[in-house]
file input-v4.txt (compact mmCIF, C-alpha atoms and all ligand atoms)
# COMPACT_ATOMS: atom_id res chain seq x y z
CA MET H 1 0.00 0.00 0.00
CA THR H 2 1.20 3.54 -0.77
CA GLN H 3 2.67 5.29 2.27
CA PRO H 4 0.58 8.25 3.54
CA PRO H 5 2.29 11.66 3.69
CA ALA H 6 3.53 13.04 7.01
CA ASN H 7 1.09 16.01 6.89
CA LEU H 8 -2.27 14.24 6.87
CA PRO H 9 -5.40 16.16 5.83
CA PRO H 10 -7.45 17.18 8.88
CA GLY H 11 -9.49 14.30 10.24
CA ALA H 12 -7.99 11.67 7.97
CA SER H 13 -6.59 8.47 9.36
CA ALA H 14 -3.28 7.22 7.97
CA ASP H 15 -5.01 4.06 6.70
CA ALA H 16 -7.75 5.98 4.91
CA VAL H 17 -5.24 8.32 3.27
CA ALA H 18 -3.07 5.40 2.18
CA ARG H 19 -6.11 3.69 0.62
CA THR H 20 -7.08 6.90 -1.16
CA LEU H 21 -3.55 7.53 -2.40
CA ALA H 22 -3.46 4.05 -3.87
CA ARG H 23 -6.50 4.94 -5.96
CA HIS H 24 -5.74 8.56 -6.80
CA PRO H 25 -2.79 9.42 -9.01
CA ARG H 26 -2.98 12.98 -7.69
CA PRO H 27 -1.51 14.83 -4.74
CA LEU H 28 -3.86 15.05 -1.78
CA GLY H 29 -4.18 17.92 0.67
CA GLY H 30 -6.63 18.69 3.45
CA ASP H 31 -6.56 22.41 2.85
CA THR H 32 -7.56 22.25 -0.77
CA ALA H 33 -7.33 25.93 -1.57
CA ARG H 34 -3.96 26.44 0.01
CA SER H 35 -2.36 23.30 -1.38
CA VAL H 36 -2.50 24.43 -5.00
CA GLY H 37 0.00 26.64 -6.70
CA PRO H 38 -0.77 29.63 -8.92
CA ALA H 39 -3.18 28.90 -11.74
CA ALA H 40 -1.55 28.08 -15.05
CA VAL H 41 -4.38 29.80 -16.89
CA SER H 42 -7.49 31.66 -15.87
CA LEU H 43 -10.45 30.05 -17.58
CA THR H 44 -12.32 33.32 -17.36
CA GLY H 45 -9.56 35.22 -19.05
CA MET H 46 -8.09 32.68 -21.42
CA VAL H 47 -10.81 30.34 -22.51
CA LEU H 48 -14.30 30.99 -21.32
CA ASN H 49 -14.64 34.73 -21.19
CA ASN H 50 -13.40 36.38 -24.33
CA ARG H 51 -15.50 39.50 -23.94
CA PRO H 52 -13.30 42.52 -24.66
CA ASP H 53 -15.22 44.76 -22.24
CA GLU H 54 -14.40 42.74 -19.13
CA PRO H 55 -11.07 42.77 -17.33
CA HIS H 56 -9.33 39.44 -17.24
CA HIS H 57 -8.06 38.41 -13.86
CA ARG H 58 -6.29 35.44 -12.37
CA ALA H 59 -6.98 33.50 -9.21
CA ILE H 60 -5.89 35.20 -6.02
CA GLY H 61 -3.27 33.25 -4.17
CA ARG H 62 -4.12 33.50 -0.50
CA LYS H 63 -7.16 31.80 0.94
CA PRO H 64 -9.40 34.44 2.60
CA ASP H 65 -10.25 34.24 6.29
CA TRP H 66 -13.91 33.46 5.65
CA LEU H 67 -12.92 30.05 4.22
CA ARG H 68 -11.32 28.78 7.40
CA ALA H 69 -13.22 25.78 8.74
CA ARG H 70 -13.36 24.10 12.14
CA VAL H 71 -10.71 21.48 12.81
CA PRO H 72 -12.36 18.05 13.01
CA GLY H 73 -12.67 16.43 16.43
CA GLY H 74 -15.00 15.72 19.34
CA ALA H 75 -17.10 12.76 20.48
CA GLY H 76 -19.69 12.95 17.66
CA TYR H 77 -17.00 13.16 15.03
CA GLU H 78 -15.04 10.22 16.45
CA ARG H 79 -18.16 8.07 16.74
CA LEU H 80 -19.18 8.62 13.10
CA LYS H 81 -15.62 8.13 11.90
CA THR H 82 -15.40 4.77 13.67
CA ILE H 83 -18.64 3.48 12.07
CA ILE H 84 -17.57 4.68 8.61
CA ASP H 85 -14.11 3.13 8.94
CA GLU H 86 -15.43 -0.16 10.34
CA HIS H 87 -17.94 -0.59 7.53
CA ARG H 88 -15.49 0.57 4.92
CA LEU H 89 -18.02 2.99 3.49
CA HIS H 90 -17.01 5.60 0.93
CA THR H 91 -17.86 9.17 1.88
CA VAL H 92 -17.73 12.22 -0.33
CA CYS H 93 -16.57 14.12 2.74
CA GLN H 94 -13.24 12.23 2.68
CA GLU H 95 -12.90 11.82 -1.10
CA ALA H 96 -13.33 15.56 -1.62
CA SER H 97 -11.32 16.62 1.46
CA CYS H 98 -14.41 18.64 2.34
CA PRO H 99 -13.58 21.57 4.65
CA ASN H 100 -16.79 20.97 6.64
CA MET H 101 -15.91 17.55 8.02
CA GLY H 102 -15.33 18.91 11.52
CA GLU H 103 -18.75 20.55 11.68
CA CYS H 104 -20.82 17.97 9.74
CA TRP H 105 -19.39 14.82 11.29
CA GLY H 106 -19.60 16.44 14.72
CA ARG H 107 -23.35 16.87 14.11
CA GLY H 108 -23.71 13.30 12.82
CA THR H 109 -24.08 14.17 9.12
CA ALA H 110 -22.06 12.54 6.36
CA THR H 111 -22.54 11.96 2.66
CA ILE H 112 -22.33 8.30 1.71
CA MET H 113 -21.16 7.42 -1.80
CA ILE H 114 -22.54 4.29 -3.50
CA LEU H 115 -21.84 2.44 -6.77
CA GLY H 116 -18.16 2.19 -5.90
CA ASP H 117 -15.41 4.77 -5.80
CA THR H 118 -14.57 5.07 -9.51
CA GLY H 119 -16.68 7.11 -11.93
CA THR H 120 -16.81 7.16 -15.72
CA ARG H 121 -16.72 10.95 -16.07
CA SER H 122 -13.84 13.33 -15.72
CA CYS H 123 -15.28 16.68 -14.68
CA GLY H 124 -12.56 19.26 -14.13
CA PHE H 125 -13.68 20.23 -10.62
CA CYS H 126 -14.25 16.82 -9.07
CA ASN H 127 -11.73 14.75 -7.11
CA VAL H 128 -13.52 11.41 -7.44
CA LYS H 129 -11.37 8.82 -9.17
CA THR H 130 -12.01 8.40 -12.90
CA GLY H 131 -11.54 5.18 -14.82
CA ARG H 132 -13.06 1.78 -15.43
CA PRO H 133 -15.28 1.01 -12.43
CA ALA H 134 -15.28 -2.34 -10.66
CA ALA H 135 -18.16 -4.80 -11.18
CA LEU H 136 -21.45 -3.75 -9.67
CA ASP H 137 -21.78 -4.70 -6.00
CA THR H 138 -25.39 -5.88 -5.64
CA ASP H 139 -24.98 -6.35 -1.88
CA GLU H 140 -24.17 -2.67 -1.39
CA PRO H 141 -27.78 -1.53 -0.64
CA ARG H 142 -28.01 -3.99 2.27
CA ARG H 143 -24.64 -2.95 3.74
CA VAL H 144 -25.39 0.75 3.41
CA ALA H 145 -28.79 0.34 5.10
CA GLU H 146 -27.33 -1.70 7.97
CA SER H 147 -24.52 0.80 8.54
CA LEU H 148 -26.91 3.74 8.51
CA ALA H 149 -29.14 2.02 11.06
CA LEU H 150 -26.15 2.00 13.43
CA MET H 151 -25.48 5.71 12.94
CA GLY H 152 -28.83 6.81 14.34
CA LEU H 153 -29.15 9.88 12.09
CA THR H 154 -32.37 11.76 11.39
CA HIS H 155 -31.35 12.59 7.82
CA VAL H 156 -28.86 11.06 5.45
CA VAL H 157 -27.42 12.20 2.13
CA ILE H 158 -26.46 9.51 -0.35
CA THR H 159 -24.70 10.17 -3.63
CA SER H 160 -22.85 8.09 -6.20
CA VAL H 161 -20.20 8.15 -8.85
CA ASN H 162 -21.46 8.30 -12.45
CA ARG H 163 -21.75 4.82 -13.97
CA ASP H 164 -22.44 5.60 -17.62
CA GLU H 165 -21.21 2.15 -18.66
CA LEU H 166 -24.20 0.43 -16.99
CA PRO H 167 -27.39 0.06 -19.07
CA ASP H 168 -29.46 1.81 -16.38
CA GLY H 169 -26.64 3.98 -14.99
CA GLY H 170 -27.01 2.20 -11.63
CA ALA H 171 -30.66 3.23 -11.17
CA GLU H 172 -31.76 -0.16 -9.82
CA ILE H 173 -29.05 -0.13 -7.14
CA TRP H 174 -30.11 3.41 -6.28
CA ALA H 175 -33.77 2.38 -5.93
CA GLU H 176 -32.89 -0.70 -3.88
CA THR H 177 -30.67 1.38 -1.59
CA ILE H 178 -33.46 3.89 -0.92
CA ARG H 179 -35.97 1.10 -0.19
CA ARG H 180 -33.56 -0.72 2.12
CA VAL H 181 -32.67 2.45 4.04
CA HIS H 182 -36.34 3.32 4.50
CA GLU H 183 -36.96 -0.19 5.89
CA ALA H 184 -33.91 -0.28 8.16
CA CYS H 185 -34.14 3.33 9.40
CA PRO H 186 -37.83 4.28 9.73
CA GLY H 187 -37.20 7.70 11.30
CA MET H 188 -34.50 8.76 8.86
CA SER H 189 -35.25 10.97 5.86
CA VAL H 190 -33.25 10.09 2.76
CA GLU H 191 -31.78 12.69 0.44
CA CYS H 192 -30.28 11.42 -2.82
CA LEU H 193 -27.88 13.42 -4.97
CA VAL H 194 -27.86 11.68 -8.34
CA GLY H 195 -26.26 12.19 -11.75
CA ASP H 196 -28.18 12.73 -14.98
CA PHE H 197 -28.37 9.04 -16.05
CA LEU H 198 -27.56 10.38 -19.53
CA GLY H 199 -31.12 11.67 -19.61
CA ASP H 200 -32.61 8.12 -19.54
CA GLU H 201 -36.14 8.83 -18.29
CA ARG H 202 -36.83 5.20 -17.33
CA ALA H 203 -33.73 5.08 -15.14
CA ILE H 204 -34.57 8.42 -13.54
CA GLN H 205 -38.13 7.24 -12.91
CA ALA H 206 -36.89 4.10 -11.13
CA VAL H 207 -35.13 6.36 -8.60
CA CYS H 208 -38.13 8.69 -8.30
CA ASP H 209 -40.45 5.72 -7.68
CA ALA H 210 -38.38 4.67 -4.64
CA ARG H 211 -39.58 7.97 -3.09
CA PRO H 212 -36.56 9.57 -1.42
CA GLU H 213 -37.63 12.48 0.80
CA ILE H 214 -35.41 14.86 -1.23
CA LEU H 215 -34.05 14.20 -4.71
CA SER H 216 -31.17 16.34 -5.84
CA HIS H 217 -29.20 16.81 -9.04
CA ASN H 218 -26.55 19.48 -9.28
CA MET H 219 -26.42 21.94 -12.18
CA GLU H 220 -22.84 22.61 -10.93
CA THR H 221 -22.23 25.68 -13.10
CA VAL H 222 -23.83 28.22 -15.43
CA LYS H 223 -24.79 27.41 -19.03
CA ARG H 224 -21.76 29.02 -20.76
CA MET H 225 -19.26 27.06 -18.70
CA HIS H 226 -20.70 23.58 -19.11
CA PRO H 227 -18.42 22.50 -21.98
CA ALA H 228 -15.31 23.33 -19.95
CA VAL H 229 -16.48 22.32 -16.48
CA ARG H 230 -18.82 19.37 -17.19
CA PRO H 231 -17.86 18.15 -20.67
CA GLN H 232 -19.92 14.96 -20.41
CA ALA H 233 -23.05 16.71 -19.13
CA LYS H 234 -25.49 19.15 -20.68
CA TYR H 235 -27.18 22.17 -19.14
CA GLU H 236 -30.56 21.48 -20.77
CA ARG H 237 -30.39 17.81 -19.88
CA SER H 238 -29.81 18.63 -16.22
CA LEU H 239 -32.80 20.98 -16.26
CA ALA H 240 -34.90 18.15 -17.73
CA VAL H 241 -33.73 15.79 -14.96
CA LEU H 242 -34.88 18.28 -12.29
CA ALA H 243 -38.20 18.71 -14.13
CA GLN H 244 -38.81 14.95 -14.01
CA PHE H 245 -38.14 14.88 -10.24
CA LYS H 246 -40.72 17.59 -9.76
CA ARG H 247 -43.30 15.91 -12.05
CA SER H 248 -42.91 12.85 -9.81
CA GLY H 249 -44.00 14.97 -6.86
CA LEU H 250 -40.64 14.95 -5.06
CA VAL H 251 -38.93 17.73 -3.14
CA THR H 252 -36.32 18.84 -5.67
CA LYS H 253 -32.91 20.33 -4.99
CA THR H 254 -29.93 21.52 -7.00
CA GLY H 255 -26.58 23.18 -6.35
CA ILE H 256 -23.85 25.16 -8.06
CA MET H 257 -20.28 26.25 -7.42
CA ALA H 258 -19.25 29.92 -7.46
CA GLY H 259 -15.78 31.19 -8.27
CA ILE H 260 -14.97 28.84 -11.15
CA GLY H 261 -15.39 31.51 -13.86
CA GLU H 262 -19.11 32.39 -13.93
CA ARG H 263 -20.49 35.93 -13.86
CA ASP H 264 -23.22 37.11 -11.48
CA ASP H 265 -25.76 37.72 -14.25
CA GLU H 266 -25.26 34.13 -15.38
CA VAL H 267 -25.92 32.83 -11.86
CA LEU H 268 -29.22 34.73 -11.78
CA GLU H 269 -30.08 33.38 -15.23
CA LEU H 270 -29.46 29.85 -13.96
CA MET H 271 -31.82 30.48 -11.02
CA ASP H 272 -34.51 31.61 -13.47
CA ASP H 273 -33.93 28.58 -15.71
CA VAL H 274 -34.13 26.11 -12.80
CA ARG H 275 -37.30 27.66 -11.43
CA ALA H 276 -38.96 27.83 -14.86
CA ALA H 277 -38.02 24.26 -15.82
CA SER H 278 -38.66 22.49 -12.56
CA GLY H 279 -39.89 24.65 -9.70
CA ALA H 280 -37.10 23.15 -7.54
CA GLU H 281 -37.41 24.21 -3.90
CA ILE H 282 -33.82 24.02 -2.63
CA LEU H 283 -30.67 25.66 -4.00
CA THR H 284 -27.13 25.48 -2.62
CA ILE H 285 -24.28 27.78 -3.70
CA GLY H 286 -20.71 27.46 -2.39
CA GLN H 287 -17.17 28.53 -3.21
CA TYR H 288 -15.33 26.25 -5.67
CA LEU H 289 -12.09 24.96 -4.15
CA GLN H 290 -9.55 23.42 -6.51
CA PRO H 291 -8.91 19.88 -5.19
CA THR H 292 -5.42 19.55 -6.74
CA ARG H 293 -3.35 21.45 -9.25
CA ASN H 294 -4.58 19.02 -11.92
CA HIS H 295 -8.09 20.44 -11.57
CA LEU H 296 -9.64 23.64 -12.91
CA PRO H 297 -8.16 26.77 -11.31
CA ILE H 298 -10.09 28.99 -8.92
CA ASP H 299 -11.19 32.12 -10.75
CA ARG H 300 -12.15 34.28 -7.76
CA TRP H 301 -12.89 34.21 -4.07
CA VAL H 302 -16.56 35.06 -3.77
CA HIS H 303 -17.17 37.39 -0.82
CA PRO H 304 -19.77 36.41 1.84
CA ASP H 305 -21.77 39.54 0.92
CA GLN H 306 -21.99 38.23 -2.63
CA PHE H 307 -23.28 34.90 -1.35
CA ALA H 308 -25.87 36.79 0.71
CA MET H 309 -26.98 38.56 -2.48
CA TYR H 310 -27.35 35.20 -4.27
CA ARG H 311 -29.50 33.96 -1.40
CA ARG H 312 -31.79 37.01 -1.53
CA GLU H 313 -32.16 36.66 -5.30
CA ALA H 314 -32.91 32.93 -5.02
CA LEU H 315 -35.63 33.45 -2.40
CA ALA H 316 -37.10 36.29 -4.48
CA ARG H 317 -37.34 33.87 -7.40
CA GLY H 318 -39.36 31.37 -5.40
CA PHE H 319 -36.82 28.93 -3.96
CA THR H 320 -38.09 27.93 -0.51
CA VAL H 321 -34.60 27.31 0.90
CA CYS H 322 -31.28 28.68 -0.35
CA GLU H 323 -28.07 27.78 1.44
CA SER H 324 -25.46 30.17 0.06
CA GLY H 325 -22.04 30.77 1.57
CA PRO H 326 -18.32 30.19 1.07
CA LEU H 327 -18.25 26.75 2.74
CA VAL H 328 -21.62 25.52 1.51
CA ARG H 329 -21.62 22.14 -0.26
CA SER H 330 -24.68 20.37 -1.64
CA SER H 331 -25.01 18.33 1.54
CA TYR H 332 -24.08 21.13 3.96
CA HIS H 333 -26.85 21.64 6.57
CA ALA H 334 -28.97 19.17 4.56
CA GLU H 335 -30.79 17.95 7.65
CA GLU H 336 -31.76 21.53 8.54
CA GLN H 337 -33.04 22.17 5.03
CA ALA H 338 -35.16 19.01 5.23
CA ARG H 339 -36.56 20.15 8.59
CA ARG H 340 -37.29 23.67 7.32
CA LEU H 341 -39.16 22.26 4.31
CA ALA H 342 -41.16 19.95 6.56
CA GLY H 343 -42.11 23.05 8.57
CA GLY H 344 -40.07 22.02 11.63
S1 LIG Q 401 -20.66 19.39 3.52
FE1 LIG Q 401 -21.29 17.36 2.73
S2 LIG Q 401 -19.37 16.46 1.93
FE2 LIG Q 401 -18.78 18.17 3.29
S3 LIG Q 401 -18.43 17.19 5.30
FE3 LIG Q 401 -20.58 17.95 5.24
S4 LIG Q 401 -21.74 16.15 4.59
FE4 LIG Q 401 -19.61 15.73 4.05
call {"tool": "encode", "arguments": {"input": "input-v4.txt", "output": "structure tokens", "more": "lines below"}}
Ligand code: SF4
result
Amino acid sequence: MTQPPANLPPGASADAVARTLARHPRPLGGDTARSVGPAAVSLTGMVLNNRPDEPHHRAIGRKPDWLRARVPGGAGYERLKTIIDEHRLHTVCQEASCPNMGECWGRGTATIMILGDTGTRSCGFCNVKTGRPAALDTDEPRRVAESLALMGLTHVVITSVNRDELPDGGAEIWAETIRRVHEACPGMSVECLVGDFLGDERAIQAVCDARPEILSHNMETVKRMHPAVRPQAKYERSLAVLAQFKRSGLVTKTGIMAGIGERDDEVLELMDDVRAASGAEILTIGQYLQPTRNHLPIDRWVHPDQFAMYRREALARGFTVCESGPLVRSSYHAEEQARRLAGG
């Protein structure tokens, strides 16, 4: 097994880091924004934004104070970490070196990743391993449900890698996982963050029919930037996915990153498009952090006041809940959002 580095990311065990390093041919770092060097190119300036009337600018080197997160630790954190390690579950929290692990795990929230740890897509912002995935593990729904029953959560977020090589994109495993978790954990609401299943309506419907309490699909970025940021996805296709969730009568959620090269007017346009296409209730917006220097560079640090403006605009457009802030991730405060929607 590959030896872990001396400076472990916050909250990571040496074993977990060694396992991850064996899978990732990339440098790992707990402080994602600080561990990258200067951007080789600014996508805004060099590729994506060729408007002559706008100044081109490069990423700012130093991570601003508002992006400092709590160091992981405490009884709740240790308890969740032990269950996750013992059951050898994959979490997005660890794979993405998420800066919120201290806070989320301390509150008993984690995002479980199913369908393995290797995806078929290679989005420029995502740190999940890309390649040929292992054979489908049909026992995974049972193991996930049993592990979650031990955790005693009130709300869980489950996501997956993209499995475009499977005829149904993994939809049956998704549906089985949701059913099993509902059976094993009667008091737990289930939030699923899924891919676009290449727009396959039958596959999407199989997930909808399993009735997760919240169904989420991330737009990730504004329309103009899709070819560079999500080359294997399509803006209109993602809107159609959200529309199908809503037609199925499910609470619908989406999320985007800020600071990867978008402009404010394009963010507002995306809000309008999502509301018009789907009537989604929940929107999350958070600062993009470059996982490694092999990923897309950070274009700008978005100020907390700017995030507050996004939130006001989202609520004015009819979103019921908008979580918008530098450290927000799609699953950040997910249990609170579920409670607020339920009127709690
Ligand atoms: S924000 Fe999501 S990915 Fe990050 S630690 Fe919390 S639950 Fe995990």
call {"tool": "residues_around", "arguments": {"input": "input-v4.txt", "residues": "Gly325 in chain H", "least_positions_apart": "2", "cutoff": "7 Å", "atoms": "all atoms listed in the file", "output": "list in words"}}
result
Ile285, Gly286, Pro304, Phe307, Glu323, Leu327 and Val328 of chain H
call {"tool": "closest_residue", "arguments": {"input": "input-v4.txt", "among": "H:Phe319, H:Phe197, H:Trp105, H:Tyr77", "to": "ligand LIG 401 (chain Q)", "atoms": "only C-alpha atoms and all ligand atoms"}}
result
H:Trp105
call {"tool": "residues_near_ligand", "arguments": {"input": "input-v4.txt", "ligand": "ligand LIG 401 (chain Q)", "cutoff": "7 Å", "atoms": "all atoms listed in the file", "output": "ChimeraX atom specification"}}
result
/H:92-93,98-101,104-105,109-111,328-332
call {"tool": "atom_distance", "arguments": {"input": "input-v4.txt", "atom1": "CA of Ser189 in chain H", "atom2": "CA of Pro212 in chain H"}}
result
7.5 Å
call {"tool": "closest_residue", "arguments": {"input": "input-v4.txt", "among": "H:Met151, H:Leu215, H:Ala228, H:Ile114", "to": "Ile173 in chain H", "atoms": "all atoms listed in the file"}}
result
H:Ile114
call {"tool": "closest_residue", "arguments": {"input": "input-v4.txt", "among": "H:Glu266, H:Glu191, H:Glu86, H:Asp164", "to": "Arg143 in chain H", "atoms": "only C-alpha atoms"}}
result
H:Glu86
